[in-house]
Amino acid sequence: MRLAPTRRDLPLSTTPILPFRPLLLDDRVLVALLVGEALPIARRAERLTTTYFYFRACRAVLAGAGGRLSGPFDHLDPDRRALALEHMLALPDDVGLPDPRHIVPVMVDVQRRHPNLNVLNTEAAAAALLLGAKMVLSPPTASGQLETVLPVEHIAFQTVNLP
């Protein structure tokens, strides 16, 4: 009687590999990543953000109001600040932006189910659903409109405290 093959007996190409779930970063987490803050997220996971989150982060940083979004840039030395601003304006290749052609139809479905959800959060929920992503959120985002939507839509999320 032959026993079933073990993982060790299988050729390397058929050995199951557990992929990392993509991570969808909100605007505050995106800024923290770009200024080099240590974040408790999987390094090998694909990282993405939405167009609206990216827009809000760029707008806040370029306006330089020193608020929650742009504040982390104000504390950097001039060289690190210049590099971080460069990364903000030319989003690094390791941070993806989902194609709006694919997200918009899903946004329509999300908006139909949650008619009071604003566009920022509708896009975020749709992107997470489309990509099968785990959302990485700052506390203000996690406790805002998405707080009731994420469980209903079965979207996994992680809240990270930022400096």
# chains A, B, ... in the order shown; residues from 1 in each chain; ligands from 1

$ closest_atom_pairs --of "segment 74-114 of chain A" --to "segment 137-154 of chain A" --cutoff "10 Å" --atoms "only C-alpha atoms" --output "JSON lines"
{"residue": "A:Val110", "atom": "CA", "partner": "A:Glu153", "partner_atom": "CA", "distance": 8.7}
{"residue": "A:Arg113", "atom": "CA", "partner": "A:Val149", "partner_atom": "CA", "distance": 9.4}
{"residue": "A:His114", "atom": "CA", "partner": "A:Val149", "partner_atom": "CA", "distance": 7.6}

$ residues_around --residues "segment 29-39 of chain A" --least-positions-apart "3" --cutoff "7 Å" --atoms "only C-alpha atoms" --output "NGL selection string"
:A and (25-26 or 57 or 69 or 73 or 84 or 87-88 or 137-138)

$ atom_distance --atom1 "atom CA of Thr122 of chain A" --atom2 "atom CA of Leu48 of chain A"
15.8 Å

$ closest_residue --among "A:Ala82, A:Leu120, A:Val106, A:Ala42" --to "Arg56 of chain A" --atoms "only C-alpha atoms"
A:Leu120

$ atom_distance --atom1 "atom CA of Leu131 of chain A" --atom2 "atom CA of Ile155 of chain A"
10.5 Å

$ atom_distance --atom1 "atom CA of Lys134 of chain A" --atom2 "atom CA of Leu23 of chain A"
5.0 Å
